[in-house]
Structures are given as C-alpha cells and as structure tokens.
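Peer 1: This one is start.cif, mmCIF, C-alpha atoms (C1' of nucleotides).
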data_model
#
loop_
_atom_site.label_atom_id
_atom_site.label_comp_id
_atom_site.auth_asym_id
_atom_site.auth_seq_id
_atom_site.Cartn_x
_atom_site.Cartn_y
_atom_site.Cartn_z
CA MET A 1 -6.40 -43.97 12.67
CA LYS A 2 -7.97 -41.20 14.70
CA ASN A 3 -4.98 -38.99 15.37
CA PRO A 4 -2.12 -39.34 12.87
CA LYS A 5 -0.11 -36.51 14.44
CA LYS A 6 -0.21 -38.13 17.88
CA PHE A 7 0.73 -41.48 16.35
CA ALA A 8 3.65 -39.91 14.46
CA ASN A 9 4.96 -38.12 17.55
CA GLU A 10 4.80 -41.21 19.73
CA LEU A 11 6.40 -43.44 17.13
CA SER A 12 9.16 -40.91 16.51
CA ALA A 13 9.85 -40.46 20.23
CA TRP A 14 10.11 -44.23 20.69
CA TYR A 15 12.47 -44.53 17.72
CA GLN A 16 14.80 -41.76 18.88
CA GLN A 17 15.10 -43.46 22.24
CA HIS A 18 15.35 -47.12 21.22
CA LYS A 19 16.91 -47.29 17.75
CA ARG A 20 19.91 -49.57 17.38
CA ASP A 21 23.31 -48.22 16.43
CA LEU A 22 23.72 -49.56 12.91
CA PRO A 23 26.68 -48.76 10.65
CA PHE A 24 24.48 -47.30 7.91
CA ARG A 25 22.65 -45.03 10.34
CA THR A 26 25.65 -42.76 10.88
CA THR A 27 24.82 -40.97 7.63
CA HIS A 28 22.12 -40.48 4.99
CA GLU A 29 24.67 -41.11 2.25
CA PRO A 30 22.53 -42.64 -0.54
CA TYR A 31 25.18 -45.24 -1.46
CA HIS A 32 25.20 -46.56 2.12
CA ILE A 33 21.39 -46.61 2.33
CA PHE A 34 21.16 -48.32 -1.05
CA LEU A 35 23.72 -50.98 -0.15
CA SER A 36 22.20 -51.69 3.26
CA GLU A 37 18.71 -52.05 1.76
CA MET A 38 19.96 -54.36 -0.99
CA MET A 39 21.69 -56.51 1.62
CA ALA A 40 18.60 -56.40 3.84
CA GLN A 41 16.43 -58.06 1.18
CA GLN A 42 15.52 -61.48 2.65
CA THR A 43 18.38 -61.15 5.12
CA GLN A 44 18.50 -60.51 8.85
CA MET A 45 20.26 -57.49 10.28
CA ASP A 46 22.82 -59.36 12.38
CA THR A 47 23.88 -61.30 9.30
CA LEU A 48 24.42 -58.34 7.01
CA ILE A 49 26.25 -55.91 9.33
CA PRO A 50 29.75 -57.43 8.94
CA TYR A 51 29.17 -57.75 5.19
CA PHE A 52 28.14 -54.10 4.99
CA ASN A 53 31.25 -52.92 6.85
CA ARG A 54 33.62 -55.03 4.74
CA PHE A 55 31.87 -54.01 1.53
CA ILE A 56 32.13 -50.26 2.25
CA LYS A 57 35.78 -50.70 3.21
CA THR A 58 36.54 -52.58 0.00
CA PHE A 59 34.41 -50.32 -2.22
CA PRO A 60 34.26 -46.92 -0.46
CA THR A 61 32.41 -45.12 -3.25
CA ILE A 62 29.95 -45.86 -6.03
CA GLU A 63 32.79 -45.21 -8.44
CA ALA A 64 35.09 -47.74 -6.76
CA LEU A 65 32.31 -50.32 -6.87
CA ALA A 66 31.48 -49.60 -10.49
CA ASN A 67 35.12 -50.10 -11.51
CA ALA A 68 35.67 -53.31 -9.52
CA PRO A 69 35.97 -56.72 -11.21
CA THR A 70 32.82 -58.89 -11.11
CA GLN A 71 34.50 -61.71 -9.20
CA GLN A 72 35.70 -59.34 -6.48
CA VAL A 73 32.16 -58.07 -5.94
CA LEU A 74 30.79 -61.60 -5.85
CA LYS A 75 33.51 -62.59 -3.38
CA ALA A 76 32.49 -59.68 -1.12
CA TRP A 77 28.93 -61.08 -1.20
CA GLU A 78 30.04 -64.68 -0.55
CA GLY A 79 27.81 -66.27 2.09
CA LEU A 80 25.06 -63.65 1.97
CA GLY A 81 22.96 -65.59 -0.53
CA TYR A 82 20.72 -64.50 -3.40
CA TYR A 83 23.82 -63.77 -5.43
CA ARG A 84 21.92 -61.96 -8.16
CA ARG A 85 21.83 -59.10 -5.67
CA ALA A 86 25.61 -58.76 -5.94
CA LYS A 87 25.30 -58.56 -9.71
CA TYR A 88 22.51 -55.98 -9.44
CA VAL A 89 24.41 -53.84 -6.92
CA HIS A 90 27.40 -53.84 -9.28
CA GLU A 91 25.27 -53.04 -12.34
CA SER A 92 23.44 -50.27 -10.50
CA ALA A 93 26.74 -48.65 -9.53
CA GLN A 94 27.80 -48.72 -13.18
CA ALA A 95 24.44 -47.27 -14.28
CA ILE A 96 24.84 -44.42 -11.77
CA MET A 97 28.33 -43.65 -13.13
CA ASN A 98 27.26 -43.89 -16.76
CA HIS A 99 23.76 -42.39 -16.74
CA HIS A 100 23.60 -40.17 -13.63
CA ASP A 101 27.06 -38.52 -13.64
CA GLY A 102 27.99 -40.54 -10.57
CA ASN A 103 25.20 -39.00 -8.46
CA PHE A 104 22.57 -41.21 -6.90
CA PRO A 105 19.17 -40.52 -8.55
CA THR A 106 16.70 -38.76 -6.24
CA ASP A 107 13.61 -39.50 -8.30
CA LEU A 108 11.46 -42.54 -7.39
CA GLN A 109 11.07 -43.67 -10.99
CA ALA A 110 14.83 -43.44 -11.58
CA LEU A 111 15.43 -45.48 -8.41
CA LEU A 112 12.97 -48.13 -9.59
CA ALA A 113 14.85 -48.31 -12.89
CA LEU A 114 17.99 -49.57 -11.10
CA LYS A 115 18.46 -53.33 -11.31
CA GLY A 116 17.45 -55.12 -8.14
CA VAL A 117 15.54 -52.10 -6.81
CA GLY A 118 11.82 -52.85 -6.50
CA ASP A 119 8.93 -51.13 -4.72
CA TYR A 120 10.29 -51.69 -1.24
CA THR A 121 13.92 -50.75 -1.84
CA ALA A 122 13.07 -47.69 -3.97
CA ALA A 123 10.72 -46.36 -1.30
CA ALA A 124 13.28 -47.07 1.44
CA ILE A 125 16.04 -45.14 -0.37
CA HIS A 126 13.64 -42.36 -1.39
CA SER A 127 12.47 -41.81 2.18
CA ILE A 128 15.62 -42.56 4.21
CA ALA A 129 18.29 -41.01 1.99
CA PHE A 130 16.23 -38.15 0.53
CA ASN A 131 13.50 -37.71 3.17
CA LYS A 132 10.67 -38.05 0.60
CA PRO A 133 7.28 -39.43 1.71
CA SER A 134 7.44 -42.85 0.00
CA ILE A 135 6.08 -45.77 1.96
CA ALA A 136 8.38 -48.80 2.18
CA ILE A 137 6.70 -52.05 3.15
CA ASP A 138 9.08 -54.83 4.11
CA GLY A 139 8.25 -57.85 6.25
CA ASN A 140 8.57 -55.87 9.48
CA VAL A 141 6.35 -53.01 8.32
CA ALA A 142 3.79 -55.48 6.94
CA ARG A 143 3.58 -57.25 10.29
CA VAL A 144 3.24 -53.97 12.20
CA THR A 145 0.61 -52.65 9.77
CA ALA A 146 -1.44 -55.85 9.72
CA ARG A 147 -1.73 -55.67 13.50
CA LEU A 148 -2.21 -51.91 13.69
CA PHE A 149 -5.28 -52.13 11.44
CA ALA A 150 -6.23 -55.74 12.30
CA MET A 151 -5.89 -56.76 8.66
CA HIS A 152 -6.54 -60.44 7.95
CA ASP A 153 -5.34 -60.31 4.33
CA ASP A 154 -2.41 -62.50 3.26
CA ILE A 155 0.60 -60.20 3.79
CA LEU A 156 2.52 -61.82 0.92
CA LYS A 157 0.02 -60.61 -1.69
CA THR A 158 0.70 -57.43 -3.64
CA THR A 159 -2.90 -56.28 -3.23
CA THR A 160 -2.41 -56.36 0.54
CA LYS A 161 0.66 -54.13 0.30
CA LYS A 162 -1.30 -51.62 -1.79
CA LYS A 163 -4.05 -51.59 0.81
CA MET A 164 -1.45 -51.05 3.53
CA LYS A 165 -0.02 -48.07 1.66
CA THR A 166 -3.41 -46.34 1.61
CA TYR A 167 -3.74 -46.92 5.36
CA LEU A 168 -0.22 -45.66 6.09
CA GLU A 169 -0.37 -42.56 3.89
CA PRO A 170 -1.93 -40.22 6.50
CA LEU A 171 0.62 -41.41 9.05
CA MET A 172 3.52 -40.78 6.69
CA LYS A 173 2.12 -37.31 5.91
CA ALA A 174 2.09 -36.48 9.62
CA SER A 175 5.71 -37.65 10.02
CA GLU A 176 9.27 -36.87 9.06
CA PRO A 177 9.56 -39.39 6.20
CA ARG A 178 12.97 -40.84 7.04
CA ILE A 179 11.97 -41.24 10.68
CA PHE A 180 8.65 -42.87 9.84
CA THR A 181 10.20 -45.48 7.52
CA GLN A 182 13.00 -46.43 9.89
CA ALA A 183 10.81 -46.32 13.00
CA MET A 184 8.19 -48.67 11.53
CA MET A 185 10.89 -51.16 10.52
CA GLU A 186 12.65 -50.85 13.88
CA LEU A 187 9.40 -51.36 15.77
CA GLY A 188 8.78 -54.54 13.77
CA ALA A 189 12.33 -55.74 14.45
CA LEU A 190 12.42 -54.98 18.18
CA VAL A 191 8.85 -54.96 19.54
CA CYS A 192 6.16 -56.07 17.08
CA GLN A 193 7.93 -59.36 16.46
CA LYS A 194 6.38 -62.67 15.55
CA GLU A 195 5.82 -63.03 19.27
CA PRO A 196 4.59 -59.47 19.98
CA ARG A 197 5.87 -57.55 23.01
CA CYS A 198 2.81 -55.37 23.39
CA ALA A 199 3.66 -54.36 26.96
CA SER A 200 6.59 -52.29 25.69
CA CYS A 201 4.91 -51.05 22.50
CA PRO A 202 4.53 -47.27 22.10
CA LEU A 203 1.59 -47.76 19.73
CA LYS A 204 -0.69 -50.02 21.73
CA THR A 205 -3.32 -47.34 22.17
CA HIS A 206 -3.48 -47.06 18.36
CA CYS A 207 -3.36 -50.80 17.61
CA THR A 208 -6.64 -52.46 16.67
CA ALA A 209 -5.22 -55.97 17.00
CA TYR A 210 -4.07 -55.21 20.54
CA GLN A 211 -7.38 -53.57 21.48
CA THR A 212 -9.28 -56.62 20.25
CA ASN A 213 -6.67 -59.16 21.45
CA GLN A 214 -5.85 -60.59 18.00
CA GLN A 215 -2.15 -59.70 17.98
CA HIS A 216 -1.05 -63.33 18.29
CA ARG A 217 -3.16 -64.42 15.31
CA LEU A 218 -1.84 -61.73 12.98
CA PRO A 219 -0.45 -61.39 10.41
CA ASN A 220 -1.86 -63.99 8.06
CA ARG A 221 0.45 -65.46 5.47
CA SER A 222 0.03 -68.15 2.84
CA SER A 223 1.98 -71.34 3.42
CA LEU A 224 5.07 -72.28 1.48
CA LYS A 225 5.34 -74.82 -1.29
CA ALA A 226 7.09 -78.11 -0.59
CA LYS A 227 10.74 -78.23 -1.59
CA GLN A 228 12.10 -80.62 -4.18
CA GLU A 229 14.91 -82.84 -2.86
CA GLU A 230 17.99 -83.63 -4.96
CA THR A 231 20.91 -85.93 -4.22
CA TYR A 232 24.42 -85.31 -5.58
CA PHE A 233 27.77 -87.01 -5.28
CA VAL A 234 30.47 -84.40 -4.72
CA PHE A 235 34.05 -85.38 -5.52
CA VAL A 236 36.76 -83.47 -3.73
CA ILE A 237 39.64 -84.27 -6.06
CA ARG A 238 43.09 -83.75 -4.60
CA ILE A 239 46.13 -83.39 -6.80
CA GLY A 240 49.05 -82.78 -4.53
CA ASP A 241 48.14 -79.84 -2.31
CA GLN A 242 45.59 -78.49 -4.77
CA VAL A 243 41.92 -79.33 -5.33
CA VAL A 244 39.76 -79.30 -8.44
CA LEU A 245 37.14 -76.55 -8.64
CA ARG A 246 34.88 -75.43 -11.44
CA GLN A 247 32.65 -72.42 -12.04
CA ARG A 248 28.88 -72.75 -12.28
CA PRO A 249 27.00 -71.32 -15.29
CA SER A 250 26.36 -67.58 -15.46
CA GLU A 251 22.62 -68.01 -14.94
CA GLY A 252 20.37 -69.94 -12.59
CA LEU A 253 21.11 -71.30 -9.14
CA LEU A 254 24.36 -69.98 -7.59
CA ALA A 255 25.30 -68.28 -10.86
CA ASN A 256 29.06 -67.86 -11.43
CA MET A 257 29.94 -69.43 -8.07
CA TYR A 258 32.80 -71.92 -7.76
CA GLU A 259 32.35 -75.45 -6.44
CA PHE A 260 33.77 -78.94 -6.22
CA ILE A 261 32.67 -81.25 -9.00
CA GLN A 262 29.27 -82.75 -8.34
CA TYR A 263 26.94 -85.05 -10.27
CA ARG A 264 23.24 -85.57 -9.70
CA SER A 265 22.94 -89.20 -8.67
CA THR A 266 21.70 -91.30 -5.80
CA ASN A 267 24.22 -94.03 -6.56
CA LEU A 268 28.01 -93.91 -6.13
CA ASN A 269 28.77 -96.15 -9.11
CA ASP A 270 26.78 -93.89 -11.40
CA GLY A 271 28.61 -90.89 -9.98
CA LEU A 272 31.98 -92.54 -10.58
CA ILE A 273 31.06 -93.32 -14.18
CA GLN A 274 30.26 -89.66 -14.75
CA LEU A 275 33.49 -88.66 -13.03
CA ALA A 276 35.53 -91.04 -15.22
CA ASN A 277 34.18 -89.19 -18.27
CA ASP A 278 35.66 -85.94 -16.98
CA ILE A 279 38.93 -87.16 -15.50
CA GLU A 280 41.81 -88.89 -17.25
CA GLY A 281 43.92 -91.43 -15.41
CA PRO A 282 43.18 -93.45 -12.31
CA ILE A 283 40.81 -92.40 -9.55
CA LYS A 284 41.92 -93.90 -6.26
CA ASP A 285 41.72 -93.84 -2.48
CA LEU A 286 38.02 -93.03 -2.23
CA LYS A 287 37.09 -91.82 1.21
CA SER A 288 33.60 -90.77 2.29
CA LEU A 289 33.53 -87.48 4.21
CA GLY A 290 29.82 -87.72 5.00
CA THR A 291 26.63 -86.09 3.78
CA ILE A 292 25.68 -82.41 3.78
CA LYS A 293 22.10 -81.22 3.75
CA HIS A 294 21.66 -77.77 2.29
CA VAL A 295 18.26 -76.08 2.18
CA PHE A 296 17.43 -73.45 -0.45
CA THR A 297 14.18 -71.51 -0.79
CA HIS A 298 12.70 -73.99 -3.23
CA LYS A 299 14.85 -77.10 -3.08
CA ILE A 300 16.99 -79.25 -0.81
CA TRP A 301 20.41 -80.62 -1.70
CA HIS A 302 21.78 -83.78 -0.18
CA LEU A 303 25.50 -83.77 -0.97
CA LYS A 304 27.37 -87.03 -0.50
CA VAL A 305 30.99 -85.97 -0.28
CA ILE A 306 33.79 -88.26 -1.51
CA LEU A 307 37.45 -87.37 -1.15
CA VAL A 308 39.57 -88.87 -3.95
CA ASP A 309 43.11 -88.66 -5.27
CA ALA A 310 43.73 -88.36 -8.99
CA THR A 311 46.82 -87.93 -11.13
CA SER A 312 45.40 -85.87 -13.96
CA THR A 313 42.41 -83.71 -14.72
CA PRO A 314 41.21 -81.38 -17.48
CA HIS A 315 39.85 -79.06 -14.80
CA LYS A 316 41.66 -76.19 -13.11
CA THR A 317 43.15 -76.76 -9.68
CA TYR A 318 43.46 -74.22 -6.90
CA HIS A 319 44.84 -73.70 -3.41
CA LEU A 320 41.78 -73.42 -1.18
CA LYS A 321 43.59 -71.22 1.33
CA THR A 322 44.21 -68.40 -1.11
CA PHE A 323 41.22 -69.03 -3.34
CA PRO A 324 40.01 -65.58 -4.41
CA TYR A 325 36.60 -66.47 -5.86
CA ALA A 326 33.19 -66.95 -4.29
CA MET A 327 31.86 -70.37 -3.26
CA SER A 328 28.37 -71.25 -2.07
CA LYS A 329 27.70 -71.98 1.56
CA ALA A 330 26.95 -75.59 0.64
CA HIS A 331 30.44 -76.11 -0.76
CA ARG A 332 32.14 -74.08 1.97
CA LYS A 333 30.57 -76.58 4.36
CA ILE A 334 32.55 -79.23 2.47
CA ILE A 335 35.80 -77.39 3.17
CA ASP A 336 34.89 -77.49 6.87
CA LEU A 337 34.27 -81.23 6.53
CA MET A 338 37.79 -81.73 5.12
CA HIS A 339 39.35 -80.08 8.17
CA GLU A 340 37.44 -82.20 10.70
"C1'" DA B 1 -0.06 -64.81 -9.95
"C1'" DA B 2 3.40 -68.24 -9.61
"C1'" DG B 3 8.14 -69.85 -9.83
"C1'" DC B 4 13.02 -68.96 -9.14
"C1'" DC B 5 16.66 -67.36 -6.21
"C1'" DG B 6 20.37 -68.59 -0.27
"C1'" DG B 7 21.08 -68.53 4.17
"C1'" DG B 8 20.30 -67.87 9.28
"C1'" DG B 9 17.97 -68.38 13.76
"C1'" DG B 10 14.94 -70.49 17.24
"C1'" DG B 11 12.65 -74.33 19.45
"C1'" DC C 1 16.00 -82.28 13.72
"C1'" DC C 2 12.03 -79.29 11.85
"C1'" DC C 3 9.84 -74.80 11.38
"C1'" DC C 4 9.90 -69.97 10.39
"C1'" DC C 5 11.57 -65.80 8.11
"C1'" DA C 6 11.81 -62.65 3.78
"C1'" DG C 7 12.27 -58.71 -1.88
"C1'" DG C 8 12.81 -58.68 -6.83
"C1'" DC C 9 12.94 -60.56 -11.31
"C1'" DT C 10 11.03 -63.43 -14.90
"C1'" DT C 11 7.46 -65.78 -17.14
#
Before anything else, please render the file you have as structure tokens.

Peer 2:
Amino acid sequence: MKNPKKFANELSAWYQQHKRDLPFRTTHEPYHIFLSEMMAQQTQMDTLIPYFNRFIKTFPTIEALANAPTQQVLKAWEGLGYYRRAKYVHESAQAIMNHHDGNFPTDLQALLALKGVGDYTAAAIHSIAFNKPSIAIDGNVARVTARLFAMHDDILKTTTKKKMKTYLEPLMKASEPRIFTQAMMELGALVCQKEPRCASCPLKTHCTAYQTNQQHRLPNRSSLKAKQEETYFVFVIRIGDQVVLRQRPSEGLLANMYEFIQYRSTNLNDGLIQLANDIEGPIKDLKSLGTIKHVFTHKIWHLKVILVDATSTPHKTYHLKTFPYAMSKAHRKIIDLMHE
DNA sequence: AAGCCGGGGGG
DNA sequence: CCCCCAGGCTT
C-alpha cells in the first residue's frame, strides 16, 4: 500500500457516511461489544440484532448475566445456533465478576483468556471497545483484504490470516483503531460482498484485485467436506394436553437442549421397538406428520415425525405453550408441523 | 491441521 | 431444491 494515511482517511470518511445504525453502535460499552461479537460469530447481522436487543433487555449488565440461571441464558440464545457460545458468554460474565472485579479486562491476553473469545473476537473487543490497534480478521475483513492485496491464499487457513495482519498493520497504524476495525467489516458487509460492488467502493484506487480485474475470482477458499446423513424417527407423544420432552446430554451436538424423543433408525418398526422400551402402556393412534430435513455444519438430519397418544410414560411432560427451556430449530420445526 | 459445533439467505 | 456463508474449541 503506497499511502496508508490516504487509505485510512478515505475508508474512515466512507464509514462515517455509510455505516448502518446497529444497536451495539450507540456505545463503546465493552459488554455490548463483547456480546455482539460473540453473537456475530458464524451469524449474519440481520439474524442477531433481535437477539442482541432481547438479551441486553433480559441481562442489562455483566452482573445480571453472571447471576442468571443457565437455562435462562440458553433460552435467550434459542434459535441462534452454536449453543456453546451461550455457555461461553455466561462463563465469561462469571469470570469477569469473579476475577476482574466486574470490570471488563482491557488487556488483549486477558480477553483471549475468556471462554469463547479467540483471535478475532479479542481483537474486535480490544479495538472497538478500547480503541487499541489490534487487527480483527473475520470473514468480511478477509474478503476485503484478499482483494485489496490480490492474495490467492486460502482465506480459511491460519497462515493466511497472519499474512493479512502484516499487510494491514500499516493501515491500522494510520487509522483510529475502532474506526478501522468497524469500517473494514462494514465495507465487506455492504460493498466488498461475494459479488463485489466496485463502482461504489471508496478503496478502488487502492485495490490490486480491482486494478487487475481479479475481484470476481477472489477470495480463494477451500471446499467443504461432505455431510453425513442420519435418519431418525421422532415421536411426539401426547398425554392429554401435554407432550413428552427430554433434555439432551450436557456435551456434544445441541448440548442441554430439549427435544421430542427420537431414535436413530430408518425403519418405523425398529423405532417403535425402541419406543416401547421407554414407554409403559399402550402406544396408539400413530399419525405421520411428515419429514423434516435439518442441515448442520457437518451432518444432515432427516426427522420422520410421528404423532402418538400414550397413557403413561417415565419421561417428564410439559405444556409447549409455556415451555421455558431452549429447543433446537429442528425440533421447533416439529412444533410448527403440529399446528399445520 | 482437521473435526466438531447451528442456522439463515439467495438463486 | 441446492449452494454459499462463517469463529472457536478440542484433539
């Protein structure tokens, strides 16, 4: 980059003029920046905004969050996905109360020590909340940077991110840190998208990909692994006006989430045999509600949903309408199916 | 370095 | 329907 100061000024001017009004941009309050960045991991902005607003309303301070019950925090995260993040956010709030006197740590190493806070999130908090010159590379910044310097490296590799940091350092040094971080991300979100809008880009005179007409071929990324497919029979067991739900194990996929009873099987008879092991008394009035396909990062669920009536069960039953605990999206789709 | 961990949007 | 997107932890 020939003129970092010019770059910084032009990027900053663009940002001030075009930045979106986002609920966590009304302040530099570290708790708000932290929460928004945790929610932003692997999640699109439009999805997280209502979650952010509800979360701050329910848990207005780090202290309120730290003192909240686990299931209430998980419920506030319900539908956002990657539920370990909810656990980490809760644990980090408790660590801040217990080890930092309730004050958000300002030191990069202390930020990295918080659960769920990695290189990206630590640098984002460090720069946005505390205006320190740490370089945060998320998917948006990686795309912008790959084009800016016409990098053909795989943007998912950690070595590529290190290389990007060395390229971005002079630009960060010439900038107001919190502006640089947010402006780079905003440019990626609004202009330097997968389909680049170079005509309205403030950086096109600095962009090597644009100058050499490679912007549509960048960035490079490695392809994803094939997903494993699994079929389950899900039994929605009605007892009066209640349904049977159970809680998943505390580790692994959808940890601690509630769900209808499901058994891995491609065959209804086999599913019913497994069900008969868990339920006492007759199982009757089987009615198929259809099949739900649910795609995770690394696997695909095919859920064959069967509505049944039973007279007794060793499981707990709940009213779905007032159910206070978190359920996965896959099983909330089943509730929708019941109302069709 | 590779595998595990959800959900949403666009074509 | 299929394809694309995207951080951190663990091993």

Peer 1: Write out as a tab-separated table the residues of region 89-137 of chain A that have any atom within 12 Å of an atom of chain C, one row each with the nearest atom pair and its distance in Å to one decimal, counting only C-alpha atoms (C1' of nucleotides), sorted by chain and then rising number.

Peer 2:
residue	atom	partner	partner_atom	distance
A:Leu112	CA	C:DG8	C1'	10.9
A:Leu114	CA	C:DG8	C1'	11.3
A:Lys115	CA	C:DG8	C1'	9.0
A:Gly116	CA	C:DG8	C1'	6.0
A:Val117	CA	C:DG8	C1'	7.1
A:Gly118	CA	C:DG8	C1'	5.9
A:Asp119	CA	C:DG8	C1'	8.7
A:Tyr120	CA	C:DG7	C1'	7.3
A:Thr121	CA	C:DG7	C1'	8.1
A:Ala122	CA	C:DG7	C1'	11.2
A:Ala136	CA	C:DG7	C1'	11.4
A:Ile137	CA	C:DG7	C1'	10.0

Peer 1: Could you please determine the separation between CA of Ile283 (chain A) and CA of Asp309 (chain A) in Å, to one decimal place?

Peer 2: 6.1 Å

Peer 1: Return as a tab-separated table the residues of chain A lying at most 8 Å from chain B, together with the closest atom-to-atom pair for each and the distance in Å to one decimal, counting all atoms listed in the file, with rows in chain order and ascending residue number.

Peer 2:
residue	atom	partner	partner_atom	distance
A:Thr43	CA	B:DG7	C1'	7.9
A:Gln44	CA	B:DG8	C1'	7.6
A:Thr47	CA	B:DG8	C1'	7.5
A:Gly79	CA	B:DG7	C1'	7.4
A:Leu80	CA	B:DG7	C1'	6.7
A:Gly81	CA	B:DG6	C1'	4.0
A:Tyr82	CA	B:DG6	C1'	5.2
A:Tyr83	CA	B:DG6	C1'	7.9
A:Arg84	CA	B:DC5	C1'	7.8
A:Gly252	CA	B:DC5	C1'	7.8
A:Leu253	CA	B:DC5	C1'	6.6
A:Phe296	CA	B:DG6	C1'	5.7
A:Thr297	CA	B:DG6	C1'	6.9
A:His298	CA	B:DC4	C1'	7.8
A:Lys329	CA	B:DG7	C1'	7.9

Peer 1: Take the PyMOL selection byres ((chain A and resi 175) around 10), run it mentally on this structure, and tell me the resulting residues as a ChimeraX atom specification.

Peer 2: /A:4-9,11-12,133,169-174,176-181

Peer 1: Tell me which residues the PyMOL selection byres ((chain A and resi 225) around 10) grabs here, as a list of chain:residue names.

Peer 2: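 What the PyMOL selection byres ((chain A and resi 225) around 10) grabs from the file is A:Ser222, A:Ser223, A:Leu224, A:Ala226, A:Lys227, A:Gln228, A:Thr297, A:His298, A:Lys299.
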
Peer 1: If you apply the PyMOL selection byres ((chain A and resi 160) around 12) to this file, what residues do you get, as a count of residues only?

Peer 2: 24

Peer 1: Would you please work out which residue, of A:Pro196, A:Pro30, A:Gly139, A:Pro23, is nearest to Pro50 (chain A) when using all atoms listed in the file?

Peer 2: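 Closest residue, counting all atoms listed in the file: A:Pro23.
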
Peer 1: Would you compute the distance between CA of Pro324 (chain A) and CA of Lys75 (chain A)? Give it in Å to one decimal.

Peer 2: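 Result for CA of Pro324 (chain A) versus CA of Lys75 (chain A): 7.2 Å, one decimal.
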
Peer 1: Do you have the CA of Gly188 (chain A)-CA of Val144 (chain A) distance handy?

Peer 2: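 Here the two named atoms are 5.8 Å from each other.
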
Peer 1: List the spatial neighbours of Trp301 (chain A) as a ChimeraX atom specification - criterion: any atom at most 8 Å away, only C-alpha atoms (C1' of nucleotides), same-chain residues fewer than 2 positions off excluded.

Peer 2: /A:229-232,292-296,299,303

Peer 1: Leaving out region 238-251 of chain A and any residue of its chain fewer than 4 positions from it, which residues lie within 9 Å of it when counting all atoms listed in the file, given as an MDAnalysis selection string?

Peer 2: chainID A and resid 255:261 307:313 315:320
